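As provided, work_33.cif (mmCIF, C-alpha atoms) reads as follows.
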```
data_upload
#
loop_
_atom_site.label_atom_id
_atom_site.label_comp_id
_atom_site.auth_asym_id
_atom_site.auth_seq_id
_atom_site.Cartn_x
_atom_site.Cartn_y
_atom_site.Cartn_z
CA MET A 1 -11.69 6.68 -2.43
CA GLY A 2 -11.62 7.41 -6.16
CA GLU A 3 -10.43 5.11 -8.88
CA GLY A 4 -7.51 2.74 -8.39
CA PRO A 5 -5.23 1.15 -8.36
CA PHE A 6 -3.96 2.13 -4.93
CA LEU A 7 -1.02 1.28 -2.72
CA TRP A 8 -2.00 0.55 0.88
CA PHE A 9 0.30 1.91 3.60
CA ALA A 10 0.15 2.27 7.37
CA ALA A 11 -1.19 5.52 8.77
CA ASP A 12 1.68 7.55 10.24
CA ASP A 13 1.55 7.23 14.03
CA ARG A 14 3.12 10.70 14.36
CA GLN A 15 -0.05 12.36 13.05
CA PRO A 16 -2.06 14.28 15.70
CA ASP A 17 -5.24 12.28 15.02
CA TYR A 18 -3.52 8.87 14.94
CA GLY A 19 -5.61 6.19 16.62
CA HIS A 20 -8.89 7.84 15.63
CA GLY A 21 -9.19 6.44 12.14
CA PRO A 22 -8.07 3.64 9.87
CA ALA A 23 -4.71 1.97 10.49
CA LEU A 24 -4.22 1.61 6.72
CA GLU A 25 -4.62 4.37 4.15
CA VAL A 26 -4.17 4.56 0.38
CA GLN A 27 -1.91 6.39 -2.01
CA PRO A 28 -2.65 6.35 -5.76
CA TYR A 29 -0.39 4.09 -7.82
CA GLU A 30 1.34 6.13 -10.51
CA GLY A 31 2.94 3.49 -12.69
CA GLU A 32 1.94 1.62 -15.83
CA GLU A 33 -1.68 0.55 -16.04
CA PRO A 34 -2.94 -2.00 -15.72
CA PRO A 35 -0.18 -2.79 -13.24
CA ARG A 36 1.34 -6.22 -12.90
CA PRO A 37 1.60 -7.60 -9.34
CA GLU A 38 5.40 -7.22 -9.30
CA GLU A 39 5.08 -3.52 -10.21
CA LEU A 40 2.64 -2.92 -7.37
CA LEU A 41 4.89 -4.77 -4.92
CA SER A 42 7.94 -2.76 -6.00
CA ALA A 43 6.06 0.52 -5.57
CA LEU A 44 4.72 -0.62 -2.19
CA LEU A 45 8.15 -1.66 -0.90
CA ALA A 46 9.62 1.66 -2.10
CA GLY A 47 7.41 3.38 0.48
CA PRO A 48 4.90 6.21 0.38
CA ASP A 49 5.53 9.69 -0.91
CA GLN A 50 2.31 11.08 0.52
CA ALA A 51 2.17 12.86 3.91
CA GLY A 52 0.42 10.99 6.70
CA LEU A 53 1.56 7.56 5.51
CA ARG A 54 4.46 5.31 6.50
CA SER A 55 5.84 2.04 5.26
CA PRO A 56 4.69 -0.91 7.39
CA PHE A 57 7.78 -2.92 6.35
CA PRO A 58 11.06 -3.32 8.25
CA ARG A 59 14.02 -1.47 6.79
CA GLY A 60 15.77 -3.48 4.11
CA VAL A 61 12.86 -5.76 3.19
CA ALA A 62 13.13 -6.74 -0.47
CA LEU A 63 11.05 -8.79 -2.85
CA GLN A 64 12.86 -12.06 -3.55
CA GLN A 65 10.29 -13.67 -5.78
CA CYS A 66 6.59 -13.60 -6.62
CA GLY A 67 4.21 -15.36 -8.96
CA TRP A 68 1.02 -17.33 -9.40
CA ASP A 69 0.56 -20.62 -7.56
CA GLU A 70 0.15 -23.17 -10.35
CA GLU A 71 -1.71 -25.61 -8.07
CA ARG A 72 -4.14 -23.11 -6.52
CA PRO A 73 -5.90 -20.81 -9.03
CA GLY A 74 -6.31 -17.25 -7.75
CA VAL A 75 -3.47 -17.53 -5.23
CA PHE A 76 -0.52 -15.18 -5.65
CA LEU A 77 2.72 -16.09 -3.84
CA VAL A 78 5.04 -13.42 -2.42
CA ASN A 79 8.46 -14.26 -0.99
CA LEU A 80 10.15 -11.38 0.82
CA SER A 81 13.60 -11.21 2.40
CA GLU A 82 14.16 -12.56 5.91
CA GLN A 83 13.65 -9.17 7.60
CA TYR A 84 9.90 -9.61 7.04
CA GLY A 85 9.96 -12.61 9.38
CA ALA A 86 10.85 -10.31 12.30
CA LEU A 87 7.36 -8.77 12.24
CA ALA A 88 4.76 -9.92 14.77
CA ASP A 89 1.37 -8.93 16.16
CA ILE A 90 -0.19 -5.73 14.76
CA SER A 91 2.98 -4.87 12.81
CA LEU A 92 2.69 -8.16 10.92
CA SER A 93 -1.03 -7.62 10.29
CA LEU A 94 -0.48 -4.11 8.92
CA ALA A 95 2.32 -5.26 6.63
CA ASP A 96 0.41 -8.37 5.49
CA TYR A 97 -2.76 -6.49 4.63
CA SER A 98 -0.86 -3.64 2.94
CA ILE A 99 0.34 -6.31 0.52
CA VAL A 100 -2.95 -8.21 0.32
CA LEU A 101 -5.15 -5.14 -0.25
CA THR A 102 -2.73 -3.77 -2.84
CA LEU A 103 -2.44 -7.04 -4.79
CA SER A 104 -6.15 -7.85 -4.57
CA GLN A 105 -6.77 -5.05 -7.06
CA VAL A 106 -5.08 -7.16 -9.76
CA GLU A 107 -7.49 -9.19 -11.82
CA GLY A 108 -7.44 -12.83 -10.75
CA VAL A 109 -5.86 -12.34 -7.30
CA GLU A 110 -8.23 -13.90 -4.77
CA ALA A 111 -5.73 -14.68 -2.00
CA VAL A 112 -2.08 -14.04 -1.20
CA GLU A 113 0.47 -16.21 0.61
CA ILE A 114 3.46 -14.32 2.01
CA THR A 115 6.72 -15.96 3.05
CA ALA A 116 9.93 -14.52 4.49
CA GLY A 117 13.19 -15.96 3.22
CA GLY A 118 11.22 -18.83 1.71
CA ARG A 119 9.63 -19.77 5.06
CA ARG A 120 6.09 -19.30 6.30
CA VAL A 121 5.66 -16.73 9.05
CA SER A 122 4.71 -18.94 12.01
CA TYR A 123 2.97 -16.17 14.00
CA ARG A 124 -0.04 -16.18 11.66
CA SER A 125 -3.16 -18.17 12.47
CA HIS A 126 -3.45 -18.98 8.73
CA GLN A 127 -1.22 -18.50 5.71
CA LEU A 128 -3.68 -17.74 2.90
CA LEU A 129 -4.76 -14.09 3.24
CA SER A 130 -7.60 -12.34 1.40
CA ALA A 131 -8.84 -8.76 1.17
CA GLN A 132 -12.26 -9.82 2.49
CA GLU A 133 -10.67 -10.57 5.89
CA ALA A 134 -9.44 -7.02 6.40
CA VAL A 135 -11.56 -4.81 8.65
CA LEU A 136 -11.13 -1.44 7.00
CA TRP A 137 -13.32 0.56 9.31
CA ASP A 138 -14.82 0.08 12.73
CA GLU A 139 -18.54 -0.45 12.25
CA LEU A 140 -19.07 -0.03 16.01
CA ALA A 141 -17.51 3.42 15.84
CA ASP A 142 -19.70 4.28 12.87
CA ASP A 143 -22.79 3.15 14.79
CA ALA A 144 -21.85 5.29 17.78
CA SER A 145 -21.49 8.50 15.79
#
```

What's the structure tokens form of this structure?
Amino acid sequence: MGEGPFLWFAADDRQPDYGHGPALEVQPYEGEEPPRPEELLSALLAGPDQAGLRSPFPRGVALQQCGWDEERPGVFLVNLSEQYGALADISLSLADYSIVLTLSQVEGVEAVEITAGGRRVSYRSHQLLSAQEAVLWDELADDAS
């Protein structure tokens, strides 16, 4: 995968081989290094400029606020506009982990909590998300090949 940092985006479902590989792919981050979390989020929300990738976020989603949780070390809080709350199921998972995997490259970020319009997204089984939870490849598929 090379050296980071990277922005994580959804694989474009219009690609001929869609469904036969990872649901999330990376694009190199081309801003200031080392990037601050807000810079990575801004670049991520701006969308990909690399073929084969698409933004996992609903149109019009904007960053309202972000910062470190003073009561929970290692937790980074992200509050997006209300459009984010319309996501559910796999769309929510792809968007959540695009953010989590991108931010987890920042030193000190161990977990991320994402809200929409200041409210928790109720469709999630848990609110504190970490990069370690993401299944980035299908080990069963690797074993079969």

**Asked** Quick one: which residues end up in the PyMOL selection byres ((chain A and resi 79) around 7) for this structure, as an NGL selection string?
**Response** :A and (63-66 or 77-78 or 80-81 or 114-118)

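The shortest atom-to-atom distance to Tyr29 of chain A, with only C-alpha atoms taken into account, belongs to A:Leu103 out of A:Ser91, A:Arg124, A:Asp69, A:Leu103.
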
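Atom pair atom CA of Glu3 of chain A / atom CA of Ala131 of chain A: separated by 17.2 Å.
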
**Request:** I need the residue set behind the PyMOL selection byres ((chain A and resi 37-44) around 10) for this file; please write it as an NGL selection string.
**Result:** :A and (5-9 or 27 or 29-36 or 45-48 or 55-57 or 62-63 or 65-68 or 76 or 78 or 98-99 or 102-107 or 109)

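With all atoms listed in the file as the atoms that count, the residue of A:Val75, A:Leu87, A:Leu53, A:Leu94 with the shortest distance to Leu129 of chain A is A:Val75.
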
Padded axis-aligned box of segment 88-96 of chain A (3 Å per side), centre and edge lengths, Å, one decimal, as AutoDock Vina command-line options:
```
--center_x 1.9 --center_y -7.0 --center_z 10.8 --size_x 11.8 --size_y 11.8 --size_z 16.7
```

**Request:** Report as a ChimeraX atom specification the residues that result from applying the PyMOL selection byres ((chain A and resi 51) around 10) to the structure here.
**Result:** /A:11-12,15,27,48-50,52-54

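Atom CA of Gly74 of chain A sits 27.4 Å away from atom CA of Pro22 of chain A.
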
**Request:** Would you mind telling me which residue in A:Asp13, A:Gly4, A:Glu25, A:Ser125 lies nearest to Ala88 of chain A when using all atoms listed in the file?
**Result:** A:Ser125

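For the pair atom CA of Arg59 of chain A and atom CA of Ala111 of chain A, the separation is 25.3 Å.
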
**Request:** Find the residue from A:Val112, A:Val121, A:Leu92, A:Val100 that sits nearest to Ala134 of chain A; use all atoms listed in the file when measuring.
**Result:** A:Val100
